[in-house]
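File shown: coords.txt. Contents: compact mmCIF, C-alpha atoms.
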```txt
# COMPACT_ATOMS: atom_id res chain seq x y z
CA MET A 1 40.03 44.03 14.25
CA ARG A 2 39.72 40.33 13.36
CA PRO A 3 37.52 38.30 15.79
CA PRO A 4 39.54 35.99 18.10
CA VAL A 5 37.79 32.84 16.88
CA LEU A 6 38.60 33.59 13.25
CA SER A 7 42.22 34.30 14.20
CA VAL A 8 42.53 30.93 15.93
CA ILE A 9 41.00 29.16 12.96
CA ARG A 10 43.25 30.99 10.50
CA ARG A 11 46.40 29.99 12.45
CA ASN A 12 45.41 26.35 12.79
CA PRO A 13 45.23 24.47 9.46
CA LEU A 14 44.34 21.24 11.28
CA LEU A 15 41.30 22.90 12.81
CA ILE A 16 40.34 24.19 9.38
CA SER A 17 40.63 20.66 8.02
CA VAL A 18 38.53 19.25 10.87
CA LEU A 19 35.82 21.87 10.40
CA ALA A 20 35.83 21.41 6.64
CA GLY A 21 35.76 17.65 7.07
CA SER A 22 32.86 17.89 9.52
CA LEU A 23 30.90 20.07 7.12
CA LEU A 24 31.70 17.70 4.28
CA TRP A 25 30.73 14.70 6.40
CA GLY A 26 27.43 16.29 7.28
CA GLY A 27 26.80 17.16 3.64
CA VAL A 28 27.59 13.63 2.50
CA VAL A 29 25.36 12.12 5.22
CA ALA A 30 22.47 14.37 4.22
CA ALA A 31 23.01 13.69 0.50
CA LEU A 32 23.17 9.92 0.94
CA ASP A 33 20.12 9.97 3.20
CA ARG A 34 18.17 11.75 0.49
CA LEU A 35 19.57 9.36 -2.12
CA ILE A 36 18.46 6.36 -0.06
CA ASP A 37 14.96 7.78 0.29
CA TRP A 38 14.80 8.42 -3.44
CA GLN A 39 16.11 4.96 -4.37
CA VAL A 40 13.71 3.25 -1.96
CA GLU A 41 10.74 5.13 -3.42
CA VAL A 42 11.78 4.41 -7.02
CA SER A 43 12.29 0.71 -6.28
CA ILE A 44 8.96 0.47 -4.47
CA LYS A 45 7.07 2.17 -7.31
CA GLN A 46 8.70 -0.03 -9.96
CA ASN A 47 7.97 -3.18 -7.99
CA ALA A 48 4.37 -2.16 -7.25
CA GLU A 49 3.77 -1.19 -10.89
CA THR A 50 5.04 -4.59 -12.06
CA ARG A 51 2.91 -6.52 -9.55
CA ALA A 52 -0.20 -4.44 -10.19
CA THR A 53 0.15 -4.67 -13.98
CA ARG A 54 0.52 -8.44 -13.91
CA TRP A 55 -2.41 -8.83 -11.54
CA ALA A 56 -4.54 -6.49 -13.67
CA ASN A 57 -3.63 -8.32 -16.89
CA SER A 58 -4.61 -11.59 -15.23
CA PHE A 59 -7.87 -9.95 -14.15
CA PHE A 60 -8.52 -8.65 -17.69
CA ASP A 61 -8.03 -12.15 -19.11
CA SER A 62 -10.20 -13.91 -16.51
CA ALA A 63 -13.22 -11.57 -16.34
CA ASP A 64 -16.13 -13.13 -18.20
CA ASP A 65 -17.66 -9.88 -19.43
CA PHE A 66 -14.97 -7.30 -18.93
CA ARG A 67 -16.64 -4.53 -20.97
CA ARG A 68 -19.84 -4.75 -18.91
CA LEU A 69 -17.83 -4.69 -15.68
CA VAL A 70 -15.88 -1.57 -16.72
CA GLU A 71 -18.75 0.37 -18.23
CA GLN A 72 -21.57 -0.66 -15.85
CA GLY A 73 -19.86 -2.18 -12.80
CA ILE A 74 -21.90 -5.37 -13.15
CA THR A 75 -20.34 -8.57 -11.77
CA THR A 76 -21.25 -11.58 -9.66
CA PRO A 77 -20.47 -12.20 -5.97
CA ASP A 78 -18.52 -15.29 -6.98
CA GLN A 79 -16.34 -13.21 -9.31
CA VAL A 80 -15.72 -10.67 -6.56
CA ASN A 81 -14.74 -13.43 -4.12
CA ARG A 82 -12.28 -14.94 -6.61
CA ILE A 83 -10.78 -11.54 -7.30
CA GLU A 84 -10.35 -10.66 -3.63
CA ASP A 85 -8.90 -14.11 -2.90
CA SER A 86 -6.10 -13.28 -5.38
CA PHE A 87 -5.18 -10.06 -3.55
CA ALA A 88 -2.76 -11.77 -1.17
CA LEU A 89 -0.64 -13.09 -4.05
CA VAL A 90 0.59 -9.59 -4.92
CA ASP A 91 -0.37 -7.64 -1.75
CA VAL A 92 -3.26 -5.87 -3.47
CA ILE A 93 -5.40 -3.98 -0.93
CA ARG A 94 -8.30 -3.16 -3.23
CA PHE A 95 -9.02 -1.99 -6.75
CA GLU A 96 -11.43 0.38 -8.48
CA ILE A 97 -12.70 0.48 -12.04
CA PHE A 98 -13.54 3.66 -13.95
CA ASP A 99 -15.21 4.16 -17.31
CA ARG A 100 -13.76 6.26 -20.13
CA ASN A 101 -15.10 9.44 -18.48
CA GLY A 102 -13.30 8.79 -15.19
CA MET A 103 -16.50 7.82 -13.35
CA GLN A 104 -16.20 5.00 -10.84
CA THR A 105 -18.17 1.90 -11.85
CA PHE A 106 -16.80 -0.64 -9.39
CA LEU A 107 -15.05 -0.63 -5.98
CA SER A 108 -13.84 -3.94 -4.57
CA ASP A 109 -13.66 -2.88 -0.91
CA ALA A 110 -14.14 0.42 0.91
CA GLY A 111 -13.24 -0.84 4.38
CA ILE A 112 -9.45 -0.62 4.27
CA LEU A 113 -8.81 2.89 2.98
CA GLU A 114 -10.89 6.05 2.92
CA PRO A 115 -13.77 6.02 0.39
CA SER A 116 -12.88 7.37 -3.04
CA ASP A 117 -14.58 10.08 -5.07
CA VAL A 118 -16.97 8.91 -7.75
CA PHE A 119 -15.09 10.97 -10.34
CA ASN A 120 -11.33 10.47 -10.63
CA SER A 121 -9.39 12.81 -12.92
CA THR A 122 -6.25 10.67 -12.70
CA ALA A 123 -8.13 7.64 -13.98
CA LYS A 124 -9.41 9.81 -16.83
CA SER A 125 -5.81 10.85 -17.59
CA ALA A 126 -4.67 7.21 -17.62
CA PHE A 127 -7.48 6.37 -20.07
CA ASP A 128 -6.77 9.36 -22.33
CA SER A 129 -2.99 8.86 -22.44
CA GLY A 130 -2.91 5.07 -22.43
CA GLN A 131 -0.04 5.29 -19.92
CA THR A 132 0.31 3.65 -16.50
CA LEU A 133 0.45 6.23 -13.66
CA VAL A 134 2.04 5.42 -10.29
CA PHE A 135 1.78 7.30 -6.94
CA PHE A 136 3.47 6.40 -3.64
CA HIS A 137 1.73 7.15 -0.32
CA GLU A 138 3.76 7.22 2.88
CA HIS A 139 1.92 7.76 6.17
CA GLU A 140 3.49 9.53 9.12
CA ASP A 141 3.70 7.71 12.46
CA ASP A 142 1.19 10.10 14.07
CA ASP A 143 -1.40 9.69 11.32
CA GLU A 144 -4.32 8.17 13.22
CA SER A 145 -6.72 8.24 10.28
CA ARG A 146 -5.12 5.32 8.53
CA GLN A 147 -5.57 1.62 9.21
CA ALA A 148 -2.91 0.34 11.64
CA ASP A 149 -1.69 -2.44 9.36
CA ILE A 150 -1.40 -0.39 6.18
CA GLU A 151 1.54 1.97 6.60
CA ASN A 152 2.53 2.54 2.98
CA TYR A 153 0.82 1.80 -0.29
CA VAL A 154 1.10 2.59 -3.99
CA GLU A 155 -1.70 3.61 -6.32
CA VAL A 156 -1.29 2.28 -9.87
CA TYR A 157 -3.63 3.52 -12.61
CA ILE A 158 -3.73 1.10 -15.55
CA PRO A 159 -5.65 1.64 -18.82
CA ALA A 160 -8.30 -1.06 -19.20
CA ARG A 161 -7.97 -2.64 -22.63
CA LEU A 162 -9.91 -5.31 -24.47
CA PRO A 163 -7.94 -8.10 -26.18
CA ASN A 164 -8.13 -6.12 -29.46
CA GLY A 165 -6.34 -3.17 -27.82
CA GLU A 166 -9.38 -0.91 -27.46
CA ARG A 167 -9.27 1.24 -24.31
CA ILE A 168 -12.61 1.24 -22.48
CA GLY A 169 -11.68 2.69 -19.10
CA ALA A 170 -9.08 2.52 -16.36
CA MET A 171 -8.31 0.44 -13.29
CA GLU A 172 -6.83 1.77 -10.06
CA VAL A 173 -4.95 -0.88 -8.06
CA TYR A 174 -3.81 -0.26 -4.48
CA VAL A 175 -0.70 -2.28 -3.53
CA ASP A 176 0.52 -2.63 0.07
CA VAL A 177 4.29 -1.95 0.11
CA SER A 178 4.83 -1.59 3.87
CA THR A 179 6.91 -4.76 4.26
CA LEU A 180 8.93 -4.09 1.11
CA LYS A 181 9.70 -0.52 2.20
CA GLU A 182 10.91 -1.68 5.60
CA ALA A 183 13.14 -4.35 4.04
CA LEU A 184 14.63 -1.91 1.54
CA GLU A 185 15.32 0.74 4.17
CA ASP A 186 16.95 -1.74 6.54
CA THR A 187 19.20 -3.08 3.81
CA PHE A 188 20.18 0.32 2.48
CA GLN A 189 20.85 1.75 5.95
CA ARG A 190 23.26 -1.08 6.78
CA ILE A 191 25.47 -0.24 3.84
CA SER A 192 25.05 3.53 3.99
CA TRP A 193 27.72 4.13 6.67
CA TYR A 194 30.32 2.23 4.68
CA LEU A 195 29.46 4.31 1.65
CA ILE A 196 29.61 7.56 3.62
CA THR A 197 33.13 6.79 4.87
CA GLY A 198 34.24 5.62 1.45
CA THR A 199 32.86 8.73 -0.23
CA VAL A 200 34.76 11.04 2.16
CA LEU A 201 37.99 9.07 1.71
CA VAL A 202 37.83 9.18 -2.08
CA LEU A 203 37.03 12.85 -2.56
CA LEU A 204 39.19 12.85 -5.67
CA PHE A 205 37.05 10.11 -7.18
CA PRO A 206 33.40 11.01 -6.42
CA ALA A 207 32.16 9.56 -9.67
CA ILE A 208 33.71 6.16 -8.86
CA ALA A 209 32.12 6.17 -5.41
CA TYR A 210 28.72 7.02 -6.90
CA VAL A 211 28.93 4.26 -9.50
CA HIS A 212 29.98 1.79 -6.78
CA ARG A 213 27.02 2.78 -4.64
CA THR A 214 24.61 2.62 -7.55
CA ARG A 215 25.74 -0.91 -8.38
CA GLN A 216 25.31 -1.99 -4.78
CA LEU A 217 21.82 -0.54 -4.71
CA MET A 218 20.89 -2.23 -7.97
CA ARG A 219 22.17 -5.59 -6.73
CA LYS A 220 20.23 -5.27 -3.48
CA ASP A 221 17.23 -4.12 -5.48
CA ARG A 222 17.35 -7.24 -7.64
CA GLU A 223 17.63 -9.47 -4.59
CA LEU A 224 14.68 -7.86 -2.81
CA LEU A 225 12.40 -7.25 -5.76
CA GLU A 226 11.97 -10.84 -6.84
CA LEU A 227 9.42 -11.17 -9.59
CA THR A 228 7.62 -14.48 -9.59
CA ARG A 229 6.42 -15.40 -13.07
CA TYR A 230 4.63 -18.64 -13.82
CA ASP A 231 3.69 -20.44 -17.00
CA GLN A 232 -0.10 -20.25 -17.20
CA LEU A 233 -0.55 -23.77 -18.60
CA THR A 234 1.70 -25.84 -16.35
CA GLY A 235 1.98 -23.70 -13.22
CA THR A 236 5.78 -23.94 -13.33
CA LEU A 237 8.14 -20.98 -13.65
CA ASP A 238 8.37 -19.52 -17.15
CA ARG A 239 11.48 -19.09 -19.29
CA ASN A 240 12.19 -15.53 -18.12
CA SER A 241 12.05 -16.55 -14.46
CA ILE A 242 14.41 -19.46 -15.07
CA ALA A 243 16.80 -17.13 -16.91
CA ASP A 244 16.65 -14.63 -14.04
CA MET A 245 17.40 -17.34 -11.49
CA LEU A 246 20.34 -18.66 -13.50
CA GLU A 247 21.71 -15.14 -13.82
CA THR A 248 21.40 -14.65 -10.06
CA ILE A 249 23.05 -17.98 -9.28
CA PHE A 250 26.00 -17.31 -11.60
CA SER A 251 26.34 -13.59 -10.79
CA GLN A 252 28.95 -14.20 -8.09
CA ARG A 253 32.25 -15.92 -8.68
CA ASN A 254 32.11 -19.73 -8.41
CA SER A 255 28.53 -19.53 -7.12
CA GLY A 256 27.23 -21.67 -10.00
CA ALA A 257 29.47 -24.62 -9.12
CA GLY A 258 27.41 -27.61 -8.01
CA LEU A 259 24.23 -26.54 -9.81
CA GLY A 260 22.63 -29.62 -11.29
CA ILE A 261 20.67 -29.03 -14.50
CA LEU A 262 18.21 -31.45 -16.08
CA PHE A 263 17.08 -30.31 -19.51
CA VAL A 264 13.93 -32.29 -20.34
CA ASP A 265 12.39 -32.61 -23.80
CA VAL A 266 8.98 -34.25 -24.32
CA ASP A 267 9.46 -36.72 -27.16
CA TYR A 268 6.95 -36.96 -30.01
CA PHE A 269 5.00 -34.00 -28.69
CA LYS A 270 4.12 -32.77 -32.18
CA GLN A 271 2.75 -36.20 -33.09
CA VAL A 272 0.57 -36.22 -29.96
CA ASN A 273 -0.76 -32.78 -30.86
CA ASP A 274 -1.46 -33.81 -34.45
CA GLN A 275 -3.08 -37.15 -33.57
CA TYR A 276 -5.10 -36.27 -30.46
CA GLY A 277 -5.44 -32.48 -30.65
CA HIS A 278 -4.05 -29.52 -28.78
CA GLN A 279 -6.12 -30.21 -25.67
CA CYS A 280 -4.41 -33.56 -25.31
CA GLY A 281 -1.05 -31.88 -25.93
CA ASP A 282 -1.77 -29.37 -23.18
CA LYS A 283 -2.79 -32.19 -20.84
CA LEU A 284 0.48 -33.97 -21.62
CA LEU A 285 2.53 -30.87 -20.78
CA GLN A 286 0.65 -30.50 -17.49
CA HIS A 287 1.25 -34.18 -16.78
CA VAL A 288 4.99 -33.86 -17.44
CA ALA A 289 5.16 -30.74 -15.24
CA GLY A 290 3.58 -32.75 -12.43
CA ILE A 291 6.12 -35.53 -12.95
CA LEU A 292 8.99 -33.06 -12.68
CA GLN A 293 7.59 -31.43 -9.55
CA SER A 294 7.08 -34.80 -7.86
CA SER A 295 10.69 -35.74 -8.64
CA THR A 296 12.32 -32.74 -6.94
CA ARG A 297 14.08 -32.52 -3.58
CA ALA A 298 11.48 -29.95 -2.51
CA PRO A 299 11.81 -27.14 -1.67
CA THR A 300 15.38 -26.68 -2.91
CA ASP A 301 14.84 -27.60 -6.57
CA ILE A 302 13.28 -25.40 -9.23
CA VAL A 303 11.07 -26.50 -12.14
CA GLY A 304 10.35 -24.31 -15.17
CA ARG A 305 8.92 -24.58 -18.66
CA TYR A 306 11.69 -23.38 -20.95
CA GLY A 307 9.96 -23.71 -24.32
CA GLY A 308 7.02 -25.34 -26.07
CA ASP A 309 7.83 -28.92 -25.05
CA GLU A 310 11.00 -28.24 -23.04
CA PHE A 311 11.40 -28.10 -19.27
CA VAL A 312 14.32 -27.32 -17.00
CA LEU A 313 14.92 -28.71 -13.51
CA LEU A 314 17.54 -26.86 -11.44
CA CYS A 315 19.09 -28.67 -8.45
CA PRO A 316 21.38 -26.38 -6.42
CA GLY A 317 24.23 -27.84 -4.37
CA VAL A 318 24.49 -31.34 -5.85
CA ASP A 319 27.18 -33.63 -7.14
CA LEU A 320 26.69 -36.06 -10.01
CA ASP A 321 25.59 -38.92 -7.74
CA GLU A 322 22.89 -36.77 -6.17
CA LEU A 323 21.74 -35.57 -9.60
CA ARG A 324 21.50 -39.18 -10.75
CA LYS A 325 19.12 -39.92 -7.90
CA VAL A 326 16.91 -37.07 -9.08
CA TYR A 327 16.79 -38.07 -12.74
CA ARG A 328 16.29 -41.75 -11.92
CA ARG A 329 13.31 -40.76 -9.81
CA LEU A 330 12.14 -38.63 -12.75
CA ILE A 331 12.36 -41.53 -15.21
CA GLU A 332 10.53 -43.80 -12.75
CA ASN A 333 7.73 -41.26 -12.30
CA ALA A 334 7.48 -40.81 -16.08
CA ARG A 335 6.06 -44.33 -16.36
CA THR A 336 2.77 -42.96 -15.05
CA PRO A 337 0.45 -42.68 -18.08
CA CYS A 338 -1.31 -39.49 -19.11
CA THR A 339 -5.02 -40.02 -19.78
CA HIS A 340 -7.27 -37.77 -21.84
CA GLN A 341 -10.79 -38.54 -23.06
CA GLY A 342 -10.28 -42.27 -22.76
CA ASN A 343 -6.83 -42.23 -24.37
CA SER A 344 -3.81 -43.28 -22.33
CA TYR A 345 -0.28 -42.25 -23.25
CA VAL A 346 2.97 -42.93 -21.39
CA PRO A 347 5.23 -39.94 -21.99
CA SER A 348 8.69 -40.42 -23.44
CA LEU A 349 11.27 -37.98 -22.09
CA SER A 350 14.74 -37.19 -23.38
CA VAL A 351 16.85 -35.77 -20.57
CA GLY A 352 20.21 -34.02 -20.60
CA ALA A 353 22.05 -33.94 -17.27
CA TYR A 354 24.90 -31.65 -16.27
CA VAL A 355 26.49 -30.41 -13.03
CA ALA A 356 27.98 -26.94 -13.47
CA THR A 357 31.57 -26.17 -12.50
CA SER A 358 33.26 -22.97 -11.36
CA GLN A 359 34.31 -22.28 -14.97
CA ASP A 360 30.73 -22.25 -16.27
CA THR A 361 28.45 -19.34 -16.93
CA GLU A 362 24.66 -19.65 -16.98
CA ARG A 363 24.85 -19.80 -20.80
CA THR A 364 27.49 -22.55 -21.04
CA ALA A 365 25.94 -24.64 -18.26
CA LEU A 366 22.49 -24.63 -19.86
CA HIS A 367 23.98 -25.21 -23.30
CA LYS A 368 25.85 -28.30 -22.12
CA ALA A 369 22.65 -29.76 -20.70
CA ASP A 370 20.96 -28.94 -24.02
CA LEU A 371 23.71 -30.78 -25.91
CA ALA A 372 23.14 -33.81 -23.73
CA VAL A 373 19.42 -33.70 -24.62
CA TYR A 374 20.36 -33.57 -28.28
CA GLN A 375 22.51 -36.66 -27.82
CA ALA A 376 19.69 -38.45 -25.95
CA LYS A 377 17.31 -37.81 -28.85
CA LYS A 378 19.97 -38.86 -31.32
CA ASN A 379 20.45 -42.12 -29.40
CA GLY A 380 16.78 -43.00 -29.78
CA ARG A 381 14.91 -40.80 -27.26
CA GLY A 382 13.35 -41.84 -23.97
CA GLN A 383 16.64 -41.82 -22.05
CA VAL A 384 19.06 -39.73 -20.00
CA VAL A 385 22.45 -38.61 -21.28
CA GLU A 386 25.02 -37.00 -19.00
CA TYR A 387 27.15 -34.31 -20.56
CA SER A 388 30.76 -35.38 -21.11
CA ASP A 389 33.79 -33.96 -22.89
CA HIS A 390 33.20 -35.99 -26.05
CA LEU A 391 30.10 -33.84 -26.71
CA GLN A 392 32.24 -30.69 -26.75
CA ASN A 393 32.52 -30.71 -30.55
CA LEU A 394 28.75 -30.14 -30.72
CA PHE A 395 29.39 -26.54 -29.63
CA ASP A 396 30.40 -25.88 -33.22
CA ARG A 397 27.08 -27.10 -34.63
CA LYS A 398 24.63 -24.55 -35.90
CA PRO A 399 21.36 -24.39 -33.95
CA GLU A 400 19.40 -25.61 -36.94
CA ASP A 401 21.52 -28.79 -37.06
CA LYS A 402 20.09 -29.87 -33.69
CA SER A 403 16.55 -30.68 -34.75
CA ALA A 404 14.10 -31.78 -32.05
```
Let me see the structure of the file written as structure tokens.
Amino acid sequence: MRPPVLSVIRRNPLLISVLAGSLLWGGVVAALDRLIDWQVEVSIKQNAETRATRWANSFFDSADDFRRLVEQGITTPDQVNRIEDSFALVDVIRFEIFDRNGMQTFLSDAGILEPSDVFNSTAKSAFDSGQTLVFFHEHEDDDESRQADIENYVEVYIPARLPNGERIGAMEVYVDVSTLKEALEDTFQRISWYLITGTVLVLLFPAIAYVHRTRQLMRKDRELLELTRYDQLTGTLDRNSIADMLETIFSQRNSGAGLGILFVDVDYFKQVNDQYGHQCGDKLLQHVAGILQSSTRAPTDIVGRYGGDEFVLLCPGVDLDELRKVYRRLIENARTPCTHQGNSYVPSLSVGAYVATSQDTERTALHKADLAVYQAKKNGRGQVVEYSDHLQNLFDRKPEDKSA
């Protein structure tokens, strides 16, 4: 005899649909929850690896006797203070150094996390393989053994290399990711319910729903995991950072409209290098970077070194009149001479100005500003040229035709 409950279910297709839908809903909720956890962890590890690697590379380059530090753990208190002062820039908690045998030779601070073992097999593996190894640590709320302000952190093992590529040990960098994890989870949770409903409604198109979700996650990931990269000589953003910012600005429809671009070329830079030496050339680039930074509408504007003697100044949300105020201030500030070893030199700057429209992409907008620079140099240098339609035919020129 069939049980009464099964009989009722069998005679009621709507009830079957509701039960099936409820089970499906629960399955989708559980699956998306696991997907969110996985995506958050992957994003955190990638971000922490990038920050730790950049910090470590900077450390490798700045250590006076890196081999002695790795192999013997010998350093000065002043070096340690400078290193620990740089922790806050990338949320580094502490770092350890191991020799080629995996034996600890240096520990920056043992007061934040539990003391480490003298021998570390993972550090030995990083040295042997030459690969970066990343581990995510997530503490439970009832874990009383941890420090209250360090909820989550990532361990990154990086092979320690000399400038010639020789591996001499490994470095373990601890990166605090508590704030990043909280921001990622909050963002992903806000969109998860929309994705759950959408996934249930498009059961015939699960692949489309997954791709849509993945793209949303990647976009949020790019927004949250901002990588700040600076040119070591001038302290301004480097070319990759400028390119990333332009891509972000133009990624949404019409969002690039009103972006003012000043493409700045330092005139006669090669002659300065040849006549006064590379140190003077470097001083001139630093001087020009300072001129650009003092000419901005801080903090809205962005300055970056785009090439050897080329700079870019981005001014979001301007019209042509506002951009003119900026470049006039730039030209006025450029009258300040650069001095080096008793020599004084007033920089000459060729500037191309352009305000992007809704039809522009990051490539066309930057290219138009570049064409205006070319025209400024062609007109005799040391001046500003605003992009106009009569320069459009220069799009057909080959790059080699536009000599600096």
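The space between CA of Asp265 in chain A and CA of Asp309 in chain A spans 6.0 Å.
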Proximity to Gln189 in chain A - best of A:Met171, A:Leu391, A:Leu35, A:Ala369, only C-alpha atoms: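 Ranked by minimum distance to Gln189 in chain A, first place goes to A:Leu35.
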Would you give the centre and edge lengths, in Å to one decimal, of a box along x, y and z around the listed atoms of range 156-164 of chain A, with 6 Å added to each side, as JSON?
```
{"center_x": -5.6, "center_y": -2.3, "center_z": -19.7, "size_x": 20.6, "size_y": 23.6, "size_z": 31.6}
```
Neighbour list for Thr364 in chain A as a ChimeraX atom specification, cut-off 12 Å, only C-alpha atoms, skip fewer than 3 positions in-chain: /A:246-247,250,256,261,354-361,367-371,387,392,395
Selection near Cys280 in chain A, 12 Å with only C-alpha atoms, sequence-local residues under 2 positions removed, as a list in words: Phe269, Lys270, Gln271, Val272, Asn273, Asp274, Gln275, Tyr276, Gly277, His278, Asp282, Lys283, Leu284, Leu285, Gln286, His287, Cys338, Thr339, His340, Gln341, Gly342, Asn343, Ser344 and Tyr345 of chain A
One-decimal distance in Å that lies between CA of Phe106 in chain A and CA of Arg67 in chain A: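 Distance between the two atoms: 12.2 Å.
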Close residues, range 132-138 of chain A itself excluded, 7 Å, all atoms listed in the file, min 4 positions apart in chain, as an NGL selection string: :A and (45 or 49 or 126 or 151-159)
Neighbour list for Ala52 in chain A as a ChimeraX atom specification, cut-off 8 Å, all atoms listed in the file, skip fewer than 3 positions in-chain: /A:48-49,55-56,90,92,156,173-175
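Between CA of Glu166 in chain A and CA of Asp91 in chain A lies a distance of 28.1 Å.
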Minimum-distance residue to Gly380 in chain A, chosen among A:Cys315, A:Gly27, A:Tyr268, A:Ile331 (using all atoms listed in the file): A:Tyr268
Top pick for closest residue to Ala160 in chain A, considering A:Val288, A:Ile97, A:Leu180, A:Leu107 and counting all atoms listed in the file: A:Ile97
Pick from A:Arg34, A:Arg100, A:Lys181, A:Arg297, whichever lies nearest to Arg329 in chain A using all atoms listed in the file: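 The answer is A:Arg297, which sits nearest to Arg329 in chain A.
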Residue nearest Pro316 in chain A - candidates A:Ser108, A:Thr300, A:Ser350, A:Gln375, atoms counted: all atoms listed in the file: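 Smallest separation from Pro316 in chain A among the options: A:Thr300.
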Range 244-258 of chain A rebuilt with N, CA and C atoms, output as a compact mmCIF listing (two decimals), in the frame of the given file:
```
# COMPACT_ATOMS: atom_id res chain seq x y z
N ASP A 244 16.30 -15.54 -15.14
CA ASP A 244 16.65 -14.63 -14.04
C ASP A 244 17.32 -15.38 -12.90
N MET A 245 16.81 -16.57 -12.58
CA MET A 245 17.40 -17.34 -11.49
C MET A 245 18.80 -17.82 -11.84
N LEU A 246 19.00 -18.25 -13.08
CA LEU A 246 20.34 -18.66 -13.50
C LEU A 246 21.31 -17.49 -13.43
N GLU A 247 20.85 -16.32 -13.87
CA GLU A 247 21.71 -15.14 -13.82
C GLU A 247 22.08 -14.81 -12.37
N THR A 248 21.12 -14.92 -11.47
CA THR A 248 21.40 -14.65 -10.06
C THR A 248 22.38 -15.66 -9.48
N ILE A 249 22.18 -16.93 -9.81
CA ILE A 249 23.05 -17.98 -9.28
C ILE A 249 24.49 -17.80 -9.75
N PHE A 250 24.66 -17.43 -11.03
CA PHE A 250 26.00 -17.31 -11.60
C PHE A 250 26.58 -15.90 -11.48
N SER A 251 25.89 -14.98 -10.83
CA SER A 251 26.34 -13.59 -10.79
C SER A 251 27.58 -13.42 -9.92
N GLN A 252 27.78 -14.29 -8.94
CA GLN A 252 28.95 -14.20 -8.09
C GLN A 252 29.94 -15.30 -8.45
N ARG A 253 31.19 -15.01 -8.26
CA ARG A 253 32.25 -15.92 -8.68
C ARG A 253 32.11 -17.28 -8.02
N ASN A 254 32.17 -18.33 -8.85
CA ASN A 254 32.11 -19.73 -8.41
C ASN A 254 30.77 -20.12 -7.79
N SER A 255 29.79 -19.20 -7.78
CA SER A 255 28.53 -19.53 -7.12
C SER A 255 27.70 -20.54 -7.90
N GLY A 256 27.98 -20.71 -9.21
CA GLY A 256 27.23 -21.67 -10.00
C GLY A 256 27.73 -23.09 -9.88
N ALA A 257 28.92 -23.28 -9.27
CA ALA A 257 29.47 -24.62 -9.12
C ALA A 257 28.53 -25.48 -8.27
N GLY A 258 28.30 -26.71 -8.75
CA GLY A 258 27.41 -27.61 -8.01
C GLY A 258 25.95 -27.44 -8.34
```
